[in-house]
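Shown below: target.txt, with compact mmCIF, C-alpha atoms.
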# COMPACT_ATOMS: atom_id res chain seq x y z
CA MET A 4 16.39 7.38 -13.93
CA ALA A 5 14.64 5.46 -16.70
CA SER A 6 12.61 3.33 -14.33
CA TYR A 7 11.54 6.36 -12.29
CA PHE A 8 9.93 8.09 -15.23
CA GLY A 9 8.24 4.96 -16.52
CA LEU A 10 10.46 4.41 -19.61
CA LYS A 11 9.98 0.87 -20.83
CA THR A 12 12.90 0.23 -23.17
CA ALA A 13 16.15 1.89 -24.10
CA GLY A 14 15.72 4.13 -27.13
CA SER A 15 17.09 7.17 -28.83
CA PHE A 16 17.97 10.33 -26.95
CA LEU A 17 14.96 12.26 -28.29
CA PRO A 18 12.25 10.01 -26.74
CA LEU A 19 14.13 10.17 -23.46
CA VAL A 20 14.09 13.97 -23.48
CA VAL A 21 10.39 14.01 -24.37
CA ARG A 22 9.48 11.71 -21.48
CA LEU A 23 11.62 13.73 -19.05
CA ILE A 24 9.88 16.93 -20.12
CA LEU A 25 6.45 15.33 -19.76
CA ALA A 26 7.32 13.97 -16.33
CA TYR A 27 8.63 17.38 -15.24
CA HIS A 28 5.46 19.17 -16.34
CA HIS A 29 3.35 16.43 -14.71
CA ALA A 30 5.15 16.96 -11.39
CA VAL A 31 4.71 20.74 -11.65
CA MET A 32 0.98 20.31 -12.35
CA LEU A 33 0.59 18.10 -9.29
CA VAL A 34 2.39 20.54 -7.01
CA GLU A 35 0.60 23.58 -8.40
CA GLY A 36 -2.72 21.73 -8.18
CA GLY A 37 -2.18 21.10 -4.49
CA ARG A 38 -1.23 24.74 -3.89
CA ALA A 39 -4.22 25.97 -5.86
CA GLY A 40 -6.53 23.78 -3.80
CA ALA A 41 -5.07 25.18 -0.60
CA SER A 42 -5.35 28.78 -1.83
CA ARG A 43 -9.08 28.37 -2.57
CA LEU A 44 -9.93 27.51 1.03
CA SER A 45 -12.06 29.86 3.07
CA MET A 46 -10.69 31.17 6.35
CA GLU A 47 -12.95 28.79 8.28
CA GLU A 48 -11.82 25.80 6.22
CA ASP A 49 -8.19 26.78 6.65
CA LEU A 50 -8.59 27.09 10.42
CA GLU A 51 -10.31 23.69 10.54
CA LEU A 52 -7.41 22.10 8.67
CA ASP A 53 -4.97 23.67 11.11
CA ARG A 54 -6.98 22.24 13.99
CA GLN A 55 -6.90 18.77 12.43
CA LEU A 56 -3.16 19.00 11.83
CA ASN A 57 -2.59 19.87 15.48
CA ILE A 58 -4.42 16.66 16.41
CA LEU A 59 -2.77 14.44 13.80
CA ASN A 60 0.83 15.60 14.18
CA LYS A 61 2.11 14.86 17.67
CA PRO A 62 4.99 16.81 19.25
CA PRO A 63 8.17 15.18 17.90
CA ILE A 64 11.28 14.23 19.81
CA LYS A 65 13.15 14.31 16.52
CA SER A 66 12.23 15.10 12.90
CA MET A 67 13.76 13.64 9.74
CA HIS A 68 13.56 15.33 6.34
CA THR A 69 13.76 12.81 3.51
CA ARG A 70 15.31 13.53 0.14
CA TRP A 71 12.00 12.64 -1.55
CA GLY A 72 10.12 15.36 0.34
CA ASP A 73 8.42 13.62 3.27
CA ILE A 74 9.01 14.52 6.90
CA PHE A 75 8.97 11.77 9.53
CA ASP A 76 8.51 12.72 13.17
CA CYS A 77 9.78 10.52 15.99
CA VAL A 78 6.99 10.63 18.58
CA GLU A 79 6.67 8.91 21.93
CA PHE A 80 5.21 5.43 21.42
CA HIS A 81 2.14 5.95 23.62
CA ASP A 82 1.53 9.42 22.12
CA GLN A 83 1.10 8.18 18.55
CA LEU A 84 -2.17 8.92 16.79
CA ALA A 85 -3.46 5.33 16.93
CA PHE A 86 -4.29 5.62 20.61
CA ASP A 87 -6.57 8.62 19.94
CA HIS A 88 -9.14 6.25 18.46
CA PRO A 89 -12.14 6.06 20.84
CA LEU A 90 -12.14 2.24 20.64
CA LEU A 91 -8.50 2.12 21.76
CA LYS A 92 -8.70 4.16 24.96
CA ASN A 93 -8.36 0.97 27.01
CA HIS A 94 -6.30 -0.95 24.47
CA VAL A 95 -3.63 -3.20 25.93
CA PHE A 96 -0.43 -2.98 23.92
CA SER A 97 0.37 -6.29 22.24
CA LYS A 98 3.83 -7.62 23.11
CA LYS A 99 3.56 -10.91 21.29
CA LYS A 100 6.74 -10.37 19.30
CA GLU A 101 9.81 -8.24 19.67
CA THR A 102 10.36 -6.00 16.66
CA THR A 103 13.55 -6.27 14.66
CA GLN A 104 15.39 -2.96 14.69
CA ALA A 105 16.87 -3.38 11.24
CA SER A 106 18.34 -0.67 9.05
CA PRO A 107 16.56 0.10 5.77
CA HIS A 108 17.56 -1.99 2.78
CA LYS A 109 19.50 0.67 0.86
CA LYS A 110 19.01 -1.00 -2.50
CA LEU A 111 15.27 -1.36 -1.99
CA MET A 112 13.76 1.48 0.00
CA SER A 113 14.85 5.07 0.48
CA GLN A 114 16.57 5.47 3.79
CA ILE A 115 15.35 7.30 6.85
CA GLU A 116 17.19 7.39 10.14
CA GLY A 117 16.00 5.24 12.98
CA CYS A 118 14.08 6.90 15.80
CA PRO A 119 15.44 7.02 19.38
CA LYS A 120 14.41 4.27 21.75
CA GLY A 121 10.85 4.66 23.00
CA THR A 122 9.77 6.64 19.93
CA VAL A 123 8.38 5.63 16.54
CA PRO A 124 8.51 7.27 13.08
CA ILE A 125 5.25 8.78 11.79
CA ARG A 126 5.00 10.51 8.41
CA ARG A 127 4.00 14.11 9.07
CA THR A 128 0.62 15.04 7.65
CA THR A 129 0.45 18.31 5.69
CA LYS A 130 -2.44 20.55 4.78
CA GLU A 131 -2.19 19.33 1.18
CA ASP A 132 -2.45 15.73 2.44
CA LEU A 133 -5.73 16.53 4.17
CA ILE A 134 -7.16 18.26 1.11
CA ARG A 135 -6.32 15.28 -1.09
CA ALA A 136 -7.61 12.82 1.53
CA LYS A 137 -10.92 14.68 1.66
CA LYS A 138 -11.30 14.30 -2.11
CA ILE A 139 -10.50 10.58 -1.88
CA SER A 140 -12.95 9.94 0.97
CA SER A 141 -15.73 11.83 -0.80
CA SER A 142 -15.79 9.15 -3.50
CA SER A 143 -17.93 6.05 -3.05
CA ASN A 144 -15.07 3.79 -4.17
CA GLY A 145 -12.44 5.55 -2.10
CA GLY A 146 -10.30 6.80 -4.94
CA GLY A 147 -11.79 9.84 -6.62
CA ALA A 148 -14.13 10.29 -9.54
CA GLY A 149 -13.09 7.39 -11.79
CA ASP A 150 -13.81 3.67 -11.69
CA GLU A 151 -11.46 1.10 -10.14
CA TYR A 152 -10.47 -2.20 -11.73
CA ARG A 153 -8.75 -5.30 -10.34
CA VAL A 154 -6.74 -7.94 -12.22
CA GLY A 155 -5.48 -10.94 -10.25
CA ILE A 156 -6.81 -13.85 -8.20
CA THR A 157 -9.06 -14.16 -5.19
CA LEU A 158 -9.12 -17.04 -2.72
CA GLY A 159 -12.17 -18.08 -0.73
CA ILE A 160 -12.83 -21.54 0.62
CA GLN A 161 -16.32 -22.44 1.85
CA ASP A 162 -16.58 -22.68 5.65
CA LYS A 163 -12.90 -21.80 6.02
CA LEU A 164 -11.34 -18.72 7.58
CA PHE A 165 -7.86 -17.37 6.86
CA PHE A 166 -5.57 -16.23 9.66
CA GLY A 167 -2.93 -14.63 7.49
CA ALA A 168 -1.55 -14.23 3.99
CA SER A 169 1.74 -13.42 2.33
CA GLY A 170 3.22 -12.84 -1.11
CA VAL A 171 6.30 -11.40 -2.81
CA THR A 172 5.85 -8.98 -5.70
CA ASN A 173 8.16 -7.08 -8.00
CA ILE A 174 8.08 -3.29 -7.77
CA TRP A 175 7.40 -1.16 -10.85
CA HIS A 176 6.90 2.48 -11.74
CA PRO A 177 3.82 2.60 -13.99
CA TYR A 178 3.17 5.90 -15.70
CA VAL A 179 0.22 7.66 -14.07
CA ASN A 180 -0.57 10.66 -16.25
CA HIS A 181 -3.54 12.19 -14.44
CA PRO A 182 -3.86 13.25 -10.77
CA GLY A 183 -7.12 11.29 -10.50
CA GLN A 184 -5.52 7.97 -11.51
CA PHE A 185 -3.58 5.49 -9.46
CA SER A 186 -1.90 2.16 -10.15
CA ALA A 187 -1.09 -0.40 -7.46
CA ALA A 188 -0.18 -3.97 -6.60
CA GLU A 189 -1.89 -5.23 -3.48
CA MET A 190 -2.70 -8.08 -1.15
CA VAL A 191 -6.10 -7.83 0.56
CA LEU A 192 -7.69 -9.73 3.44
CA GLN A 193 -11.41 -9.21 3.74
CA ALA A 194 -14.53 -10.27 5.62
CA GLY A 195 -18.16 -9.23 5.30
CA THR A 196 -20.42 -8.37 2.41
CA THR A 197 -20.76 -5.38 0.10
CA GLY A 198 -21.64 -2.29 2.10
CA GLN A 199 -20.47 -3.84 5.37
CA THR A 200 -16.91 -5.00 4.83
CA ASN A 201 -13.78 -5.07 6.97
CA GLU A 202 -10.51 -5.28 5.06
CA ILE A 203 -6.78 -4.73 5.22
CA LYS A 204 -4.78 -4.12 2.07
CA VAL A 205 -1.03 -3.60 1.62
CA GLY A 206 1.33 -3.23 -1.32
CA TRP A 207 2.93 -0.57 -3.49
CA THR A 208 1.35 2.22 -5.49
CA VAL A 209 1.84 5.27 -7.68
CA ASN A 210 -0.92 7.53 -6.39
CA PRO A 211 -0.70 11.31 -6.92
CA SER A 212 -4.14 11.78 -5.35
CA LEU A 213 -2.81 10.33 -2.11
CA TYR A 214 0.80 11.54 -2.00
CA GLY A 215 0.89 14.55 -4.32
CA ASP A 216 3.67 13.11 -6.47
CA ALA A 217 4.34 10.27 -8.90
CA MET A 218 6.78 8.20 -6.85
CA THR A 219 6.39 4.47 -6.20
CA ARG A 220 5.68 3.95 -2.51
CA SER A 221 4.49 1.25 -0.17
CA PHE A 222 1.08 1.69 1.40
CA ALA A 223 -1.37 0.17 3.86
CA HIS A 224 -5.12 0.76 3.97
CA TRP A 225 -7.78 -0.49 6.35
CA THR A 226 -11.56 -0.39 6.57
CA GLY A 227 -13.18 -1.30 9.88
CA GLY A 228 -16.56 -1.03 11.58
CA ASN A 229 -19.00 1.57 10.25
CA ASN A 230 -16.78 1.93 7.17
CA THR A 231 -14.15 3.82 9.17
CA GLY A 232 -10.52 3.67 8.14
CA CYS A 233 -7.87 5.30 5.99
CA TYR A 234 -4.46 5.00 4.36
CA ASN A 235 -1.31 4.58 6.42
CA ASN A 236 -1.41 6.88 9.47
CA LEU A 237 -3.85 9.51 8.20
CA CYS A 238 -6.29 8.62 10.98
CA PRO A 239 -6.10 6.78 14.33
CA GLY A 240 -5.77 3.02 13.93
CA PHE A 241 -2.43 1.48 12.98
CA VAL A 242 0.00 1.01 15.89
CA GLN A 243 3.56 1.72 14.72
CA LEU A 244 6.25 -0.37 16.41
CA HIS A 245 9.38 -0.42 14.27
CA SER A 246 11.86 2.43 14.67
CA THR A 247 12.71 2.63 10.94
CA TYR A 248 10.17 0.91 8.70
CA THR A 249 6.65 2.34 8.39
CA PRO A 250 3.63 1.43 6.22
CA VAL A 251 4.53 4.21 3.76
CA MET A 252 8.05 4.33 2.33
CA ALA A 253 9.49 5.41 -1.02
CA PHE A 254 11.31 2.89 -3.19
CA GLU A 255 14.88 3.74 -4.10
CA ASN A 256 14.72 1.68 -7.31
CA THR A 257 12.09 -0.14 -9.35
CA SER A 258 12.21 -3.16 -11.65
CA ILE A 259 13.60 -3.07 -15.19
CA ILE A 260 12.00 -5.02 -18.00
CA SER A 261 14.11 -8.14 -18.72
CA GLY A 262 16.60 -6.77 -16.21
CA THR A 263 17.04 -6.35 -12.47
CA GLN A 264 13.89 -7.12 -10.52
CA VAL A 265 13.25 -5.20 -7.31
CA LYS A 266 11.08 -7.36 -5.05
CA MET A 267 9.50 -7.13 -1.62
CA GLY A 268 6.97 -9.19 0.29
CA TRP A 269 4.17 -8.44 2.71
CA TYR A 270 2.89 -10.71 5.48
CA ILE A 271 -0.28 -10.06 7.48
CA HIS A 272 -1.33 -12.42 10.26
CA LEU A 273 -3.92 -12.57 13.02
CA GLU A 274 -3.03 -12.76 16.70
CA LEU A 275 -5.87 -15.01 17.81
CA GLU A 276 -5.95 -14.18 21.50
CA ASN A 277 -6.81 -10.50 20.93
CA GLY A 278 -7.77 -10.15 17.26
CA ASN A 279 -4.83 -7.90 16.38
CA TRP A 280 -3.62 -8.02 12.76
CA TRP A 281 0.17 -7.73 12.40
CA LEU A 282 1.99 -6.24 9.42
CA SER A 283 5.44 -7.53 8.46
CA LEU A 284 7.70 -6.84 5.50
CA LEU A 285 9.60 -9.68 3.83
CA ILE A 286 13.05 -8.47 2.78
CA ASP A 287 15.91 -10.83 1.96
CA GLU A 288 13.93 -13.73 3.44
CA SER A 289 13.66 -11.90 6.78
CA PHE A 290 10.42 -10.87 8.50
CA ILE A 291 10.43 -7.30 9.81
CA GLU A 292 7.53 -6.51 12.17
CA VAL A 293 6.29 -2.99 11.41
CA GLY A 294 3.23 -2.81 13.69
CA TYR A 295 -0.38 -3.92 13.93
CA TRP A 296 -4.03 -2.96 13.62
CA PRO A 297 -5.86 -3.57 16.93
CA GLY A 298 -8.68 -6.09 16.83
CA GLU A 299 -11.11 -3.54 18.26
CA LEU A 300 -11.20 -1.90 14.81
CA PHE A 301 -12.48 -5.00 12.98
CA PRO A 302 -15.70 -6.58 14.27
CA LEU A 303 -15.90 -8.77 11.13
CA LEU A 304 -12.22 -9.79 11.00
CA LYS A 305 -11.80 -10.82 14.64
CA GLN A 306 -12.24 -14.51 13.88
CA GLY A 307 -10.36 -14.47 10.58
CA ALA A 308 -10.63 -13.37 6.94
CA GLU A 309 -13.08 -14.86 4.47
CA ARG A 310 -11.27 -13.85 1.28
CA ILE A 311 -7.75 -13.04 0.07
CA TYR A 312 -6.87 -11.10 -3.07
CA TRP A 313 -3.51 -10.79 -4.83
CA GLY A 314 -2.95 -8.69 -7.95
CA GLY A 315 -3.16 -5.22 -9.46
CA ARG A 316 -5.64 -2.42 -8.98
CA VAL A 317 -5.96 0.77 -10.98
CA LYS A 318 -8.27 3.75 -11.00
CA ALA A 319 -9.33 5.66 -14.08
CA GLY A 320 -9.18 9.43 -14.19
CA ASN A 321 -12.10 11.78 -14.77
CA ASP A 322 -11.73 11.08 -18.50
CA ALA A 323 -12.33 7.33 -17.90
CA ILE A 324 -8.83 6.48 -19.18
CA THR A 325 -7.01 3.88 -17.07
CA PRO A 326 -3.26 4.05 -16.35
CA GLU A 327 -0.52 1.48 -16.86
CA MET A 328 -0.47 -1.51 -14.54
CA ALA A 329 2.88 -2.90 -13.33
CA SER A 330 5.33 -2.84 -16.28
CA ALA A 331 2.54 -1.82 -18.70
CA PHE A 332 3.11 -5.07 -20.64
CA TYR A 333 0.64 -7.90 -20.88
CA PRO A 334 1.83 -10.95 -18.92
CA ASN A 335 3.62 -13.95 -20.39
CA ASP A 336 5.72 -16.71 -18.84
CA ASP A 337 8.62 -14.35 -18.11
CA ASN A 338 8.68 -13.01 -14.53
CA ASP A 339 11.11 -10.25 -15.57
CA HIS A 340 8.75 -8.87 -18.19
CA THR A 341 5.60 -7.99 -16.28
CA GLY A 342 4.07 -7.75 -12.82
CA SER A 343 4.33 -10.89 -10.71
CA TYR A 344 3.28 -12.22 -7.31
CA GLU A 345 5.23 -15.23 -6.03
CA ASN A 346 5.11 -17.55 -3.01
CA LEU A 347 1.43 -16.89 -2.42
CA LYS A 348 0.47 -18.44 0.92
CA TYR A 349 -2.36 -18.44 3.39
CA TYR A 350 -2.16 -19.34 7.08
CA ASP A 351 -4.32 -21.38 9.44
CA GLN A 352 -5.05 -20.97 13.15
CA ASN A 353 -1.82 -22.81 14.02
CA GLU A 354 0.25 -20.32 11.98
CA GLU A 355 1.02 -23.08 9.50
CA PHE A 356 1.13 -21.93 5.89
CA TRP A 357 -0.41 -23.46 2.79
CA MET A 358 0.42 -22.62 -0.80
CA ALA A 359 -2.39 -20.96 -2.75
CA ASP A 360 -2.07 -23.60 -5.48
CA HIS A 361 -4.63 -25.56 -7.53
CA LYS A 362 -5.82 -27.41 -4.43
CA ALA A 363 -7.10 -24.10 -2.99
CA HIS A 364 -8.99 -23.29 -6.23
CA PRO A 365 -8.22 -19.56 -6.51
CA GLN A 366 -10.53 -17.67 -8.87
CA SER A 367 -9.31 -15.33 -11.62
CA VAL A 368 -10.39 -11.68 -11.49
CA ASN A 369 -10.28 -9.29 -14.46
CA ASP A 370 -12.49 -6.21 -14.27
CA CYS A 371 -10.99 -4.61 -17.40
CA LYS A 372 -10.43 -7.14 -20.16
CA GLY A 373 -8.64 -5.86 -23.22
CA ARG A 374 -6.55 -3.38 -21.24
CA TYR A 375 -5.09 -5.77 -18.66
CA ASP A 376 -4.61 -9.49 -18.26
CA ALA A 377 -3.42 -12.04 -15.69
CA ILE A 378 -1.92 -15.53 -15.90
CA TRP A 379 -2.12 -17.87 -12.89
CA ASP A 380 0.52 -20.63 -12.77
CA ASP A 381 -0.89 -22.87 -10.02
CA SER A 382 1.95 -25.40 -10.32
CA LYS A 383 4.42 -22.74 -9.16
CA SER A 384 2.00 -20.49 -7.24
CA ILE A 385 2.95 -17.48 -9.38
CA LEU A 386 0.58 -14.79 -10.61
CA ARG A 387 1.66 -12.67 -13.59
CA TYR A 388 -0.39 -9.58 -14.41
CA GLY A 389 -0.29 -6.17 -16.07
CA GLY A 390 -1.23 -4.13 -19.11
CA PRO A 391 -1.05 -0.74 -20.80
CA GLY A 392 -4.43 0.65 -19.72
CA GLY A 393 -6.49 2.80 -22.05
CA ASP A 394 -9.95 4.22 -22.64
CA THR A 395 -12.20 1.14 -22.91
CA CYS A 396 -12.67 -1.98 -20.79
CA TYR A 397 -14.34 -5.04 -22.28

Show the structure stored in the file as structure tokens.
Amino acid sequence: MASYFGLKTAGSFLPLVVRLILAYHHAVMLVEGGRAGASRLSMEEDLELDRQLNILNKPPIKSMHTRWGDIFDCVEFHDQLAFDHPLLKNHVFSKKKETTQASPHKKLMSQIEGCPKGTVPIRRTTKEDLIRAKKISSSSNGGGAGDEYRVGITLGIQDKLFFGASGVTNIWHPYVNHPGQFSAAEMVLQAGTTGQTNEIKVGWTVNPSLYGDAMTRSFAHWTGGNNTGCYNNLCPGFVQLHSTYTPVMAFENTSIISGTQVKMGWYIHLELENGNWWLSLLIDESFIEVGYWPGELFPLLKQGAERIYWGGRVKAGNDAITPEMASAFYPNDDNDHTGSYENLKYYDQNEEFWMADHKAHPQSVNDCKGRYDAIWDDSKSILRYGGPGGDTCY
């Protein structure tokens, strides 16, 4: 309970009640805000949203209602939305690896049932999802009205391309007190220049603008040719393969300061023969193949990535105030105290991995000094990051 509502330390009963009341009213405001947005639509706009939903949500073989409010539909593999993309009409399904049909890790991620053979789970898109997504896409930085800030490290080696990256991070529940804010930990692979960039980013986030609530969830986002792309399965692109795990899942528990650390890893790698980028989760030292982004989507990433980023990202609200990042504490040498990324690796064309240590010369990134900080321990390949946020970046 404490970690869900963003409480940082054990205290008296009164502060606990206050935070619970604030969290309750925050959740009500988010829900009512979504309903109010829907109620203000014109008849034409409402009909257009219904048309889009009919395209996005395929006829399910089975539907699963989660306890956290999402609905996942089991749809026929070849009927999933990804194959509606015009570039994928002649796409040949990649069978490089068999997917592991593992059950969800009950202590890590909230459980959904597995889909029947031949079908895959897709989070059902709602009208409120489309309204929020429209607001996100209308912003130049992809997140709404406020500015975004990164704190972490970036890796780029002259005349060298990366064919994959991985990292294990602890999962937190930062307090996001405005619908326009978000707070995330992410790993990003990128190629191209400003204004013409292809990228894939994965991690966890608290993002009311995207999900309509303040839960900690996993996410995946891609940007391809002509700046097309989206989060998770909100548009055609990502090919879902696993019968249980998807790019967007809710976390059952989050880390506790100086206590139990909830950790998960992400691994993205390039299939050289066709340019497909595969997404795997790292849980209990096992790789779980979730699916892939077809190479046709990424004209600039087909030969490899030029840069890798690990760290936090936040977005300020309309009032320019930034939210908490990770545990909301500034980093020190204690991995149980703040946000951390461990076992940072990059991969070459032979699928051999290399540690992102001092020999790779990663560069520190801090777009909001004074509110966040990061410490890079290159001897152990560990990044520690976080901070309380606030109203002024230096």

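The set of protein, DNA and RNA residues with any counted atom at most 10 Å from (4.5, -19.6, -19.8) (only C-alpha atoms) reads A:Pro334, A:Asn335, A:Asp336, A:Asp337, A:Asn338, A:Ile378, A:Trp379, A:Asp380, A:Arg387.
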
Contacts of Leu84 of chain A within 8 Å, all atoms listed in the file, excl. fewer than 4 positions in-chain, as a ChimeraX atom specification: /A:59-61,88,236,238-240

Can you check which parts of segment 287-367 of chain A lie within 6 Å of segment 189-193 of chain A? Per residue, the shortest pair of atoms and distance in Å to one decimal, counting all atoms listed in the file, sorted by chain and number, as a tab-separated table.
residue	atom	partner	partner_atom	distance
A:Ala308	CA	A:Gln193	CA	5.3
A:Glu309	CA	A:Gln193	CA	5.9
A:Arg310	CA	A:Gln193	CA	5.3
A:Ile311	CA	A:Leu192	CA	4.7
A:Tyr312	CA	A:Val191	CA	4.9
A:Trp313	CA	A:Met190	CA	4.6
A:Gly314	CA	A:Glu189	CA	5.8

Two-atom distance - atom CA of Met218 of chain A, atom CA of Trp71 of chain A (Å):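 Between atom CA of Met218 of chain A and atom CA of Trp71 of chain A the gap is 8.7 Å.
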
Near Lys65 of chain A, counting all atoms listed in the file, which residues have an atom at most 8 Å away, once you skip same-chain residues fewer than 2 positions from it, shown as a PDB file with C-alpha atoms, keeping the file's coordinate frame?
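The resulting file, around_32.pdb, is reproduced below:
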ATOM      1  CA  PRO A  63       8.170  15.180  17.900  1.00  0.00           C
ATOM      2  CA  MET A  67      13.760  13.640   9.740  1.00  0.00           C
ATOM      3  CA  ASP A  76       8.510  12.720  13.170  1.00  0.00           C
ATOM      4  CA  CYS A  77       9.780  10.520  15.990  1.00  0.00           C
ATOM      5  CA  VAL A  78       6.990  10.630  18.580  1.00  0.00           C
ATOM      6  CA  CYS A 118      14.080   6.900  15.800  1.00  0.00           C
TER       7      CYS A 118
END

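Of the listed residues (A:Gly167, A:Val123, A:Gln161, A:Glu255), A:Glu255 comes nearest to Arg70 of chain A; the distances count all atoms listed in the file.
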
Proximity to Tyr152 of chain A - best of A:Ser283, A:Thr395, A:Gln199, A:Ser221, only C-alpha atoms: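 Among the listed residues, the smallest separation from Tyr152 of chain A belongs to A:Thr395.
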
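Each of A:Ile156, A:Val171, A:Ala377, A:Val95 was checked against Gly278 of chain A using all atoms listed in the file; the smallest atom-to-atom distance is that of A:Val95.
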
Å distance separating atom CA of Ala194 of chain A from atom CA of His245 of chain A, one decimal place: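 Going from atom CA of Ala194 of chain A over to atom CA of His245 of chain A, I get 27.3 Å.
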
Considering only C-alpha atoms, give me a table of residues in segment 243-336 of chain A that are at most 10 Å from segment 172-178 of chain A, with the closest atom pair and distance in Å for each, as a Markdown table.
| residue | atom | partner | partner_atom | distance |
| --- | --- | --- | --- | --- |
| A:Phe254 | CA | A:Ile174 | CA | 8.3 |
| A:Asn256 | CA | A:Ile174 | CA | 8.3 |
| A:Thr257 | CA | A:Trp175 | CA | 5.0 |
| A:Ser258 | CA | A:Trp175 | CA | 5.3 |
| A:Ile259 | CA | A:Trp175 | CA | 7.8 |
| A:Ile260 | CA | A:Trp175 | CA | 9.3 |
| A:Thr263 | CA | A:Asn173 | CA | 10.0 |
| A:Gln264 | CA | A:Asn173 | CA | 6.3 |
| A:Val265 | CA | A:Asn173 | CA | 5.5 |
| A:Lys266 | CA | A:Asn173 | CA | 4.2 |
| A:Met267 | CA | A:Thr172 | CA | 5.8 |
| A:Gly268 | CA | A:Thr172 | CA | 6.1 |
| A:Trp269 | CA | A:Thr172 | CA | 8.6 |
| A:Trp313 | CA | A:Thr172 | CA | 9.6 |
| A:Gly314 | CA | A:Thr172 | CA | 9.1 |
| A:Pro326 | CA | A:Tyr178 | CA | 6.7 |
| A:Glu327 | CA | A:Pro177 | CA | 5.3 |
| A:Met328 | CA | A:Pro177 | CA | 6.0 |
| A:Ala329 | CA | A:Trp175 | CA | 5.4 |
| A:Ser330 | CA | A:Trp175 | CA | 6.0 |
| A:Ala331 | CA | A:Pro177 | CA | 6.6 |

Expected file contents, prior selection, C-alpha atoms, as a compact mmCIF listing (two decimals), in the frame of the given file:
# COMPACT_ATOMS: atom_id res chain seq x y z
CA PHE A 254 11.31 2.89 -3.19
CA ASN A 256 14.72 1.68 -7.31
CA THR A 257 12.09 -0.14 -9.35
CA SER A 258 12.21 -3.16 -11.65
CA ILE A 259 13.60 -3.07 -15.19
CA ILE A 260 12.00 -5.02 -18.00
CA THR A 263 17.04 -6.35 -12.47
CA GLN A 264 13.89 -7.12 -10.52
CA VAL A 265 13.25 -5.20 -7.31
CA LYS A 266 11.08 -7.36 -5.05
CA MET A 267 9.50 -7.13 -1.62
CA GLY A 268 6.97 -9.19 0.29
CA TRP A 269 4.17 -8.44 2.71
CA TRP A 313 -3.51 -10.79 -4.83
CA GLY A 314 -2.95 -8.69 -7.95
CA PRO A 326 -3.26 4.05 -16.35
CA GLU A 327 -0.52 1.48 -16.86
CA MET A 328 -0.47 -1.51 -14.54
CA ALA A 329 2.88 -2.90 -13.33
CA SER A 330 5.33 -2.84 -16.28
CA ALA A 331 2.54 -1.82 -18.70

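Atom CA of Trp225 of chain A is found 26.3 Å from atom CA of Gly392 of chain A.
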
Nearest candidate to Gln243 of chain A (options A:Asp162, A:Asp82, A:Asp370, A:Glu274; using all atoms listed in the file):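 Distance minimum relative to Gln243 of chain A lands on A:Asp82.
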
Enclose all atoms of segment 376-379 of chain A listed in the file in an axis-aligned box, grow every side by 6 Å, and hand back centre and edge lengths in Å to one decimal, as AutoDock Vina command-line options.
--center_x -3.3 --center_y -13.7 --center_z -15.6 --size_x 14.7 --size_y 20.4 --size_z 17.4

Counting only C-alpha atoms, the option among A:Gly390, A:Ser169, A:Arg316, A:Ser261 closest to Asn210 of chain A: A:Arg316

Nearest-residue call for Ile115 of chain A, choices A:Glu345, A:Asp132, A:Asp360, A:Asp73, using all atoms listed in the file: A:Asp73

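Residues lying within 10 Å of Val317 of chain A, counting all atoms listed in the file and ignoring same-chain neighbours fewer than 3 positions away, are Gly146, Gly149, Asp150, Glu151, Tyr152, Arg153, Val154, Val179, Gln184, Phe185, Ser186, Ala187, Ala188, Thr208, Val209, Asn210, Gly320, Thr325, Pro326, Glu327, Met328, Ala329, Cys371 and Gly392 of chain A.
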
Can I get the selected residues back with C-alpha atoms, as a CSV table (one decimal), in the frame of the given file?
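New file result19.csv:
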chain,number,residue,atom,x,y,z
A,146,GLY,CA,-10.3,6.8,-4.9
A,149,GLY,CA,-13.1,7.4,-11.8
A,150,ASP,CA,-13.8,3.7,-11.7
A,151,GLU,CA,-11.5,1.1,-10.1
A,152,TYR,CA,-10.5,-2.2,-11.7
A,153,ARG,CA,-8.8,-5.3,-10.3
A,154,VAL,CA,-6.7,-7.9,-12.2
A,179,VAL,CA,0.2,7.7,-14.1
A,184,GLN,CA,-5.5,8.0,-11.5
A,185,PHE,CA,-3.6,5.5,-9.5
A,186,SER,CA,-1.9,2.2,-10.2
A,187,ALA,CA,-1.1,-0.4,-7.5
A,188,ALA,CA,-0.2,-4.0,-6.6
A,208,THR,CA,1.4,2.2,-5.5
A,209,VAL,CA,1.8,5.3,-7.7
A,210,ASN,CA,-0.9,7.5,-6.4
A,320,GLY,CA,-9.2,9.4,-14.2
A,325,THR,CA,-7.0,3.9,-17.1
A,326,PRO,CA,-3.3,4.0,-16.4
A,327,GLU,CA,-0.5,1.5,-16.9
A,328,MET,CA,-0.5,-1.5,-14.5
A,329,ALA,CA,2.9,-2.9,-13.3
A,371,CYS,CA,-11.0,-4.6,-17.4
A,392,GLY,CA,-4.4,0.6,-19.7

Test item: which residues lie within 7 Å of (-17.6, -8.7, 9.9) counting all atoms listed in the file, as a PyMOL selection string: chain A and resi 194-195+200-201+302-304
